[in-house]
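Here the structure comes first, spelled out in structure tokens, and everything after it is commentary.
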Amino acid sequence: MDSAVSDPHNGSTEAGGPANVTTRPPSTPEGIALAYGSLLLMALLPIFFGSLRSVRCARGKNASDMPETITSRDAARFPIIASCTLLGLYLFFKIFSQEYINLLLSMYFFVLGILALSHTISPFMNKFFPANFPNRQYQLLFTQGSGENKEEIVNYEFDTKDLVCLGLSSIVGVWYLLRKHWIANNLFGLAFSLNGVELLHLNNVSTGCILLGGLFIYDVFWVFGTNVMVTVAKSFEAPIKLVFPQDLLEKGLEADNFAMLGLGDIVIPGIFIALLLRFDISLKKNTHTYFYTSFAAYIFGLGLTISIMHIFKHAQPALLYLVPACIGFPILVALAKGEVTEMFSYEESNPKDPTAVTESKDATEASASKKQEKKEK
């Protein structure tokens, strides 16, 4: 998820292979346009629907759907942790057999992918179940300690419908495990992206700026400064990137000349866009100005990334273009509307932290009390 690379493979030689041997014929302009357009569309879907689902998630009371709140401290640490993880993977691929590493990773992402895809399709599948479907409730609960010191480790609630979704997702998982087909890869990748946007919540706009700013530097350094990220992206056989063949028109579903987009380029801007949607709703103006502005900014930034990548025939750090667009456009709108203070003072509490929730309620009540006093005066 933290491997954020957009990389076309267009009529190039394999790394380390003979310079006079061309492994793939150049893709047609139609094939390239189809591949880039499809990547753009696939990137937009999890951001749009994940943002909408993040609103419901923030209001929900189901322990299994509680969001993870990212604080400013988490945001500052994230680029460092991501860099260490990326470098570690690079060294692993250099030292150990790539085949065995990818086998272990495939098993790991096989399990994660099934769970993510099941959670993604569950709301849609519920519409197809008949009213008399025998739906039973289940709860998976793991605790630590006893008495007053008992602490919940896992508290997951599910029902029979969820088990059906899990079974359907397992079919895709087996397909991915056996064939590594690009469609199965994309189904898992889209599920990971949508779940990330839905369940990872920034606590305020400042935290979002810290996270995006840090990963802006991270992305530029590891793509332009070294070959680490591109090497890992090409070696890593796991659904951490969306891919689409540029030779689909020539070879059909067995095409193998892929353009790719890292999931980090979707999820990281996506959680910021989702935050702005929740900020729009908090304003209670029945408009989604900041959400649509940031969504349009993402389209502009990713479109610019693809254009420059196509012109220079080199992998591009997508966040180099996405971060200024996704932060800059909404702030300009806020300046024009005179709502910069409201934007940066908007705060979301951690639903898993009772203290934070209580403090948030107290602050809200205090604000409401002050407004009432002013009206009375």
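Just remember, in the structure tokens the first chain shown is A, the second B, etc., residues are 1-based per chain, and ligands are 1-based in the order shown.
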For Cys57 (chain A), work out the shell of residues within 8 Å, counting only C-alpha atoms and skipping chain neighbours fewer than 2 positions away, then give it as a list in words.
Arg53, Ser54, Val55, Arg59, Gly60, Asp65, Met66, Pro67, Glu198 and Leu199 of chain A
Compile the contact shell of region 139-148 of chain A as a list of chain:residue names: residues with an atom at most 12 Å away, counting only C-alpha atoms, same-chain residues fewer than 2 positions apart removed.
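Near region 139-148 of chain A, the qualifying residues are A:Asn62, A:Ala63, A:Ser64, A:Arg136, A:Gln137, A:Lys150, A:Glu151, A:Glu152, A:Ile153, A:Val154, A:Asn155, A:Tyr156, A:Glu157, A:Phe158, A:Asp159, A:Thr160, A:Asp162.
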Now that the selection is made, can you save its residues with all heavy atoms as a CSV table (one decimal), in the first residue's frame?
chain,number,residue,atom,x,y,z
A,62,ASN,N,-21.1,-0.3,15.1
A,62,ASN,CA,-20.6,-1.7,15.0
A,62,ASN,C,-19.1,-1.7,15.3
A,62,ASN,O,-18.3,-1.0,14.6
A,62,ASN,CB,-20.9,-2.3,13.6
A,62,ASN,CG,-20.7,-3.8,13.6
A,62,ASN,OD1,-20.0,-4.3,14.4
A,62,ASN,ND2,-21.2,-4.4,12.6
A,63,ALA,N,-18.7,-2.5,16.2
A,63,ALA,CA,-17.3,-2.5,16.6
A,63,ALA,C,-16.4,-3.0,15.5
A,63,ALA,O,-15.2,-2.6,15.3
A,63,ALA,CB,-17.1,-3.4,17.8
A,64,SER,N,-16.9,-3.9,14.6
A,64,SER,CA,-16.1,-4.4,13.5
A,64,SER,C,-15.9,-3.4,12.4
A,64,SER,O,-15.0,-3.6,11.6
A,64,SER,CB,-16.8,-5.7,12.9
A,64,SER,OG,-18.1,-5.3,12.4
A,136,ARG,N,-28.5,-15.5,10.4
A,136,ARG,CA,-28.1,-15.6,11.8
A,136,ARG,C,-27.0,-14.7,12.1
A,136,ARG,O,-26.1,-14.5,11.3
A,136,ARG,CB,-27.8,-17.0,12.2
A,136,ARG,CG,-29.0,-18.0,12.0
A,136,ARG,CD,-28.6,-19.4,12.5
A,136,ARG,NE,-29.7,-20.3,12.4
A,136,ARG,CZ,-29.6,-21.6,12.8
A,136,ARG,NH1,-28.5,-22.1,13.2
A,136,ARG,NH2,-30.7,-22.4,12.7
A,137,GLN,N,-27.0,-14.1,13.4
A,137,GLN,CA,-25.9,-13.2,13.8
A,137,GLN,C,-24.8,-14.0,14.6
A,137,GLN,O,-25.1,-15.0,15.3
A,137,GLN,CB,-26.5,-12.2,14.8
A,137,GLN,CG,-27.6,-11.3,14.1
A,137,GLN,CD,-27.0,-10.4,13.0
A,137,GLN,OE1,-25.9,-9.9,13.1
A,137,GLN,NE2,-27.8,-10.3,12.0
A,150,LYS,N,-10.0,-7.0,32.0
A,150,LYS,CA,-10.3,-7.6,30.7
A,150,LYS,C,-10.3,-6.6,29.6
A,150,LYS,O,-10.9,-5.5,29.7
A,150,LYS,CB,-11.7,-8.3,30.7
A,150,LYS,CG,-12.0,-9.1,29.5
A,150,LYS,CD,-13.3,-9.8,29.5
A,150,LYS,CE,-13.3,-11.0,30.5
A,150,LYS,NZ,-14.6,-11.7,30.4
A,151,GLU,N,-9.5,-7.0,28.5
A,151,GLU,CA,-9.4,-6.0,27.4
A,151,GLU,C,-9.7,-6.8,26.1
A,151,GLU,O,-9.3,-7.9,25.9
A,151,GLU,CB,-7.9,-5.5,27.3
A,151,GLU,CG,-7.7,-4.6,26.2
A,151,GLU,CD,-6.2,-4.1,26.1
A,151,GLU,OE1,-5.4,-4.6,27.0
A,151,GLU,OE2,-5.9,-3.4,25.2
A,152,GLU,N,-10.5,-6.1,25.2
A,152,GLU,CA,-10.9,-6.7,24.0
A,152,GLU,C,-9.7,-6.7,23.0
A,152,GLU,O,-9.1,-5.6,22.8
A,152,GLU,CB,-12.1,-6.0,23.4
A,152,GLU,CG,-13.4,-6.3,24.1
A,152,GLU,CD,-14.6,-5.7,23.4
A,152,GLU,OE1,-14.4,-5.1,22.3
A,152,GLU,OE2,-15.7,-5.8,23.9
A,153,ILE,N,-9.4,-7.8,22.4
A,153,ILE,CA,-8.4,-7.8,21.3
A,153,ILE,C,-9.0,-7.9,20.0
A,153,ILE,O,-8.7,-7.1,19.1
A,153,ILE,CB,-7.5,-9.1,21.5
A,153,ILE,CG1,-6.9,-9.1,22.9
A,153,ILE,CG2,-6.4,-9.1,20.4
A,153,ILE,CD1,-6.0,-8.0,23.2
A,154,VAL,N,-10.0,-8.7,19.8
A,154,VAL,CA,-10.8,-8.8,18.6
A,154,VAL,C,-12.3,-8.9,18.9
A,154,VAL,O,-12.7,-9.6,19.8
A,154,VAL,CB,-10.4,-10.1,17.8
A,154,VAL,CG1,-11.3,-10.2,16.5
A,154,VAL,CG2,-9.0,-10.0,17.3
A,155,ASN,N,-13.1,-8.0,18.3
A,155,ASN,CA,-14.5,-8.0,18.5
A,155,ASN,C,-15.2,-7.8,17.1
A,155,ASN,O,-15.4,-6.7,16.7
A,155,ASN,CB,-15.0,-7.0,19.5
A,155,ASN,CG,-16.5,-7.1,19.8
A,155,ASN,OD1,-17.2,-7.9,19.3
A,155,ASN,ND2,-16.9,-6.2,20.7
A,156,TYR,N,-15.5,-8.9,16.5
A,156,TYR,CA,-16.0,-8.8,15.1
A,156,TYR,C,-17.4,-9.5,15.0
A,156,TYR,O,-17.6,-10.6,15.4
A,156,TYR,CB,-15.0,-9.6,14.1
A,156,TYR,CG,-15.4,-9.4,12.7
A,156,TYR,CD1,-15.0,-8.2,12.1
A,156,TYR,CD2,-16.0,-10.3,11.9
A,156,TYR,CE1,-15.4,-7.9,10.7
A,156,TYR,CE2,-16.3,-10.1,10.6
A,156,TYR,CZ,-16.0,-8.9,10.0
A,156,TYR,OH,-16.3,-8.7,8.7
A,157,GLU,N,-18.3,-8.7,14.6
A,157,GLU,CA,-19.7,-9.1,14.4
A,157,GLU,C,-20.0,-9.4,12.9
A,157,GLU,O,-19.7,-8.6,12.1
A,157,GLU,CB,-20.7,-8.1,15.0
A,157,GLU,CG,-20.5,-7.8,16.5
A,157,GLU,CD,-21.4,-6.7,17.0
A,157,GLU,OE1,-22.2,-6.2,16.2
A,157,GLU,OE2,-21.2,-6.3,18.1
A,158,PHE,N,-20.6,-10.5,12.6
A,158,PHE,CA,-21.0,-10.8,11.3
A,158,PHE,C,-22.2,-11.7,11.3
A,158,PHE,O,-22.7,-12.1,12.3
A,158,PHE,CB,-19.8,-11.5,10.6
A,158,PHE,CG,-19.3,-12.8,11.2
A,158,PHE,CD1,-19.8,-14.0,10.8
A,158,PHE,CD2,-18.5,-12.7,12.3
A,158,PHE,CE1,-19.3,-15.2,11.4
A,158,PHE,CE2,-18.0,-13.9,12.9
A,158,PHE,CZ,-18.5,-15.1,12.5
A,159,ASP,N,-22.8,-12.0,10.1
A,159,ASP,CA,-24.0,-12.8,9.9
A,159,ASP,C,-23.8,-13.8,8.8
A,159,ASP,O,-22.8,-13.8,8.1
A,159,ASP,CB,-25.2,-11.9,9.8
A,159,ASP,CG,-25.1,-10.9,8.6
A,159,ASP,OD1,-24.4,-11.2,7.7
A,159,ASP,OD2,-25.7,-9.8,8.7
A,160,THR,N,-24.9,-14.5,8.5
A,160,THR,CA,-24.9,-15.5,7.5
A,160,THR,C,-24.6,-14.9,6.1
A,160,THR,O,-23.9,-15.5,5.2
A,160,THR,CB,-26.2,-16.3,7.4
A,160,THR,OG1,-26.5,-16.7,8.8
A,160,THR,CG2,-26.1,-17.5,6.5
A,162,ASP,N,-22.8,-12.3,5.5
A,162,ASP,CA,-21.3,-12.1,5.4
A,162,ASP,C,-20.6,-13.3,5.0
A,162,ASP,O,-19.6,-13.3,4.3
A,162,ASP,CB,-20.8,-11.5,6.7
A,162,ASP,CG,-21.4,-10.1,7.0
A,162,ASP,OD1,-21.6,-9.4,6.0
A,162,ASP,OD2,-21.6,-9.8,8.2
Identify all residues of region 33-209 of chain A in strand (DSSP E or B) (DSSP on the backbone) and supply them as number ranges by chain.
A: 68-70, 137-144, 151-159, 200-202, 204
Residue subset to file, keeping N, CA and C atoms, as a CSV table (one decimal), in the first residue's frame:
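See result.csv below for the written result:
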chain,number,residue,atom,x,y,z
A,68,GLU,N,-10.1,3.5,11.9
A,68,GLU,CA,-8.8,3.8,12.6
A,68,GLU,C,-8.5,5.2,12.4
A,69,THR,N,-8.3,6.0,13.4
A,69,THR,CA,-8.0,7.4,13.3
A,69,THR,C,-6.5,7.7,13.3
A,70,ILE,N,-6.1,8.5,12.3
A,70,ILE,CA,-4.7,8.8,12.1
A,70,ILE,C,-4.5,10.2,12.7
A,137,GLN,N,-27.0,-14.1,13.4
A,137,GLN,CA,-25.9,-13.2,13.8
A,137,GLN,C,-24.8,-14.0,14.6
A,138,TYR,N,-23.6,-13.6,14.3
A,138,TYR,CA,-22.4,-14.2,15.0
A,138,TYR,C,-21.5,-13.1,15.5
A,139,GLN,N,-20.7,-13.5,16.5
A,139,GLN,CA,-19.7,-12.6,17.0
A,139,GLN,C,-18.4,-13.3,17.4
A,140,LEU,N,-17.3,-12.8,16.9
A,140,LEU,CA,-16.0,-13.4,17.1
A,140,LEU,C,-15.3,-12.5,18.2
A,141,LEU,N,-15.1,-13.0,19.4
A,141,LEU,CA,-14.6,-12.1,20.4
A,141,LEU,C,-13.4,-12.8,21.1
A,142,PHE,N,-12.3,-12.0,21.1
A,142,PHE,CA,-11.1,-12.5,21.8
A,142,PHE,C,-10.8,-11.4,22.9
A,143,THR,N,-10.6,-11.8,24.1
A,143,THR,CA,-10.2,-10.9,25.2
A,143,THR,C,-8.9,-11.3,25.8
A,144,GLN,N,-8.4,-10.4,26.5
A,144,GLN,CA,-7.1,-10.6,27.3
A,144,GLN,C,-7.3,-10.2,28.7
A,151,GLU,N,-9.5,-7.0,28.5
A,151,GLU,CA,-9.4,-6.0,27.4
A,151,GLU,C,-9.7,-6.8,26.1
A,152,GLU,N,-10.5,-6.1,25.2
A,152,GLU,CA,-10.9,-6.7,24.0
A,152,GLU,C,-9.7,-6.7,23.0
A,153,ILE,N,-9.4,-7.8,22.4
A,153,ILE,CA,-8.4,-7.8,21.3
A,153,ILE,C,-9.0,-7.9,20.0
A,154,VAL,N,-10.0,-8.7,19.8
A,154,VAL,CA,-10.8,-8.8,18.6
A,154,VAL,C,-12.3,-8.9,18.9
A,155,ASN,N,-13.1,-8.0,18.3
A,155,ASN,CA,-14.5,-8.0,18.5
A,155,ASN,C,-15.2,-7.8,17.1
A,156,TYR,N,-15.5,-8.9,16.5
A,156,TYR,CA,-16.0,-8.8,15.1
A,156,TYR,C,-17.4,-9.5,15.0
A,157,GLU,N,-18.3,-8.7,14.6
A,157,GLU,CA,-19.7,-9.1,14.4
A,157,GLU,C,-20.0,-9.4,12.9
A,158,PHE,N,-20.6,-10.5,12.6
A,158,PHE,CA,-21.0,-10.8,11.3
A,158,PHE,C,-22.2,-11.7,11.3
A,159,ASP,N,-22.8,-12.0,10.1
A,159,ASP,CA,-24.0,-12.8,9.9
A,159,ASP,C,-23.8,-13.8,8.8
A,200,LEU,N,-9.8,4.2,7.2
A,200,LEU,CA,-8.7,5.1,7.7
A,200,LEU,C,-9.1,6.5,7.7
A,201,HIS,N,-9.2,7.1,8.9
A,201,HIS,CA,-9.8,8.5,9.0
A,201,HIS,C,-8.7,9.4,9.6
A,202,LEU,N,-8.5,10.5,8.9
A,202,LEU,CA,-7.6,11.6,9.4
A,202,LEU,C,-8.4,12.4,10.5
A,204,ASN,N,-7.9,15.6,11.4
A,204,ASN,CA,-8.2,16.9,11.0
A,204,ASN,C,-7.4,17.2,9.7
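With only C-alpha atoms as the atoms that count, the minimum distance from Ser118 (chain A) to the choices A:Thr71, A:Phe78, A:Gly173, A:Pro130 is reached by A:Gly173.
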Among region 48-153 of chain A, which residues does DSSP mark as alpha helix (DSSP H) when it is run on the backbone? Keep the chain and numbering as in the structure and answer as an MDAnalysis selection string.
chainID A and resid 48:59 72:95 98:125
Need to verify the contact set: Ala33 (chain A), 12 Å, only C-alpha atoms, exclusion of same-chain residues closer than 2 positions in sequence. Can you return it as JSON, numbers by chain?
{"A": [8, 27, 28, 29, 30, 31, 35, 36, 37, 38, 39, 40, 244, 245, 246, 247, 248, 249, 259, 303, 306, 307, 310]}
Would you tabulate, counting only C-alpha atoms, all residues of region 220-309 of chain A that have an atom at most 10 Å from an atom of region 313-331 of chain A, showing the closest pair of atoms and their distance in Å to one decimal, sorted by chain then ascending number, as JSON lines?
{"residue": "A:Val220", "atom": "CA", "partner": "A:Pro317", "partner_atom": "CA", "distance": 5.6}
{"residue": "A:Phe221", "atom": "CA", "partner": "A:Pro317", "partner_atom": "CA", "distance": 8.7}
{"residue": "A:Trp222", "atom": "CA", "partner": "A:Pro317", "partner_atom": "CA", "distance": 8.4}
{"residue": "A:Val223", "atom": "CA", "partner": "A:Pro317", "partner_atom": "CA", "distance": 6.0}
{"residue": "A:Phe224", "atom": "CA", "partner": "A:Pro317", "partner_atom": "CA", "distance": 7.8}
{"residue": "A:Met229", "atom": "CA", "partner": "A:Pro317", "partner_atom": "CA", "distance": 9.6}
{"residue": "A:Val230", "atom": "CA", "partner": "A:Ala315", "partner_atom": "CA", "distance": 7.5}
{"residue": "A:Ala259", "atom": "CA", "partner": "A:Ala315", "partner_atom": "CA", "distance": 9.9}
{"residue": "A:Met260", "atom": "CA", "partner": "A:Ala315", "partner_atom": "CA", "distance": 9.6}
{"residue": "A:Leu261", "atom": "CA", "partner": "A:Ala318", "partner_atom": "CA", "distance": 8.5}
{"residue": "A:Gly262", "atom": "CA", "partner": "A:Ala318", "partner_atom": "CA", "distance": 8.8}
{"residue": "A:Gly264", "atom": "CA", "partner": "A:Leu319", "partner_atom": "CA", "distance": 8.9}
{"residue": "A:Asp265", "atom": "CA", "partner": "A:Ala318", "partner_atom": "CA", "distance": 6.3}
{"residue": "A:Ile266", "atom": "CA", "partner": "A:Leu319", "partner_atom": "CA", "distance": 9.6}
{"residue": "A:Ile268", "atom": "CA", "partner": "A:Leu319", "partner_atom": "CA", "distance": 8.9}
{"residue": "A:Pro269", "atom": "CA", "partner": "A:Cys326", "partner_atom": "CA", "distance": 7.0}
{"residue": "A:Gly270", "atom": "CA", "partner": "A:Cys326", "partner_atom": "CA", "distance": 9.4}
{"residue": "A:Phe272", "atom": "CA", "partner": "A:Cys326", "partner_atom": "CA", "distance": 8.0}
{"residue": "A:Ile273", "atom": "CA", "partner": "A:Cys326", "partner_atom": "CA", "distance": 7.6}
{"residue": "A:Leu276", "atom": "CA", "partner": "A:Pro330", "partner_atom": "CA", "distance": 8.6}
{"residue": "A:Thr289", "atom": "CA", "partner": "A:Pro330", "partner_atom": "CA", "distance": 8.6}
{"residue": "A:Tyr290", "atom": "CA", "partner": "A:Pro330", "partner_atom": "CA", "distance": 5.7}
{"residue": "A:Phe291", "atom": "CA", "partner": "A:Pro330", "partner_atom": "CA", "distance": 8.3}
{"residue": "A:Tyr292", "atom": "CA", "partner": "A:Pro330", "partner_atom": "CA", "distance": 9.1}
{"residue": "A:Thr293", "atom": "CA", "partner": "A:Pro330", "partner_atom": "CA", "distance": 6.0}
{"residue": "A:Ser294", "atom": "CA", "partner": "A:Cys326", "partner_atom": "CA", "distance": 5.2}
{"residue": "A:Phe295", "atom": "CA", "partner": "A:Cys326", "partner_atom": "CA", "distance": 7.7}
{"residue": "A:Ala296", "atom": "CA", "partner": "A:Cys326", "partner_atom": "CA", "distance": 8.5}
{"residue": "A:Ala297", "atom": "CA", "partner": "A:Ala325", "partner_atom": "CA", "distance": 5.2}
{"residue": "A:Tyr298", "atom": "CA", "partner": "A:Cys326", "partner_atom": "CA", "distance": 5.9}
{"residue": "A:Ile299", "atom": "CA", "partner": "A:Leu322", "partner_atom": "CA", "distance": 8.6}
{"residue": "A:Phe300", "atom": "CA", "partner": "A:Ala325", "partner_atom": "CA", "distance": 7.5}
{"residue": "A:Gly301", "atom": "CA", "partner": "A:Leu322", "partner_atom": "CA", "distance": 4.6}
{"residue": "A:Leu302", "atom": "CA", "partner": "A:Leu322", "partner_atom": "CA", "distance": 6.3}
{"residue": "A:Gly303", "atom": "CA", "partner": "A:Tyr321", "partner_atom": "CA", "distance": 9.2}
{"residue": "A:Leu304", "atom": "CA", "partner": "A:Tyr321", "partner_atom": "CA", "distance": 7.0}
{"residue": "A:Thr305", "atom": "CA", "partner": "A:Ala318", "partner_atom": "CA", "distance": 5.7}
{"residue": "A:Ile306", "atom": "CA", "partner": "A:Gln316", "partner_atom": "CA", "distance": 8.2}
{"residue": "A:Ser307", "atom": "CA", "partner": "A:Lys313", "partner_atom": "CA", "distance": 9.8}
{"residue": "A:Ile308", "atom": "CA", "partner": "A:Gln316", "partner_atom": "CA", "distance": 7.8}
{"residue": "A:Met309", "atom": "CA", "partner": "A:Lys313", "partner_atom": "CA", "distance": 5.5}
Between A:Val205, A:Ala82, A:Leu263, A:Ala336, which residue has the minimum interatomic distance to Phe279 (chain A), considering only C-alpha atoms?
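The closest residue to Phe279 (chain A) is A:Val205.
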Which residue, A:Phe49, A:Phe96, A:Tyr346, A:Tyr218, has the smallest gap to Ile281 (chain A) when you use only C-alpha atoms?
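For Ile281 (chain A), the nearest of the candidates is A:Tyr346.
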For Leu168 (chain A), please output as a ChimeraX atom specification all residues within 12 Å (counting only C-alpha atoms; exclusion window: fewer than 5 positions along the same chain).
/A:113-115,117-122,125,161-163,173-175
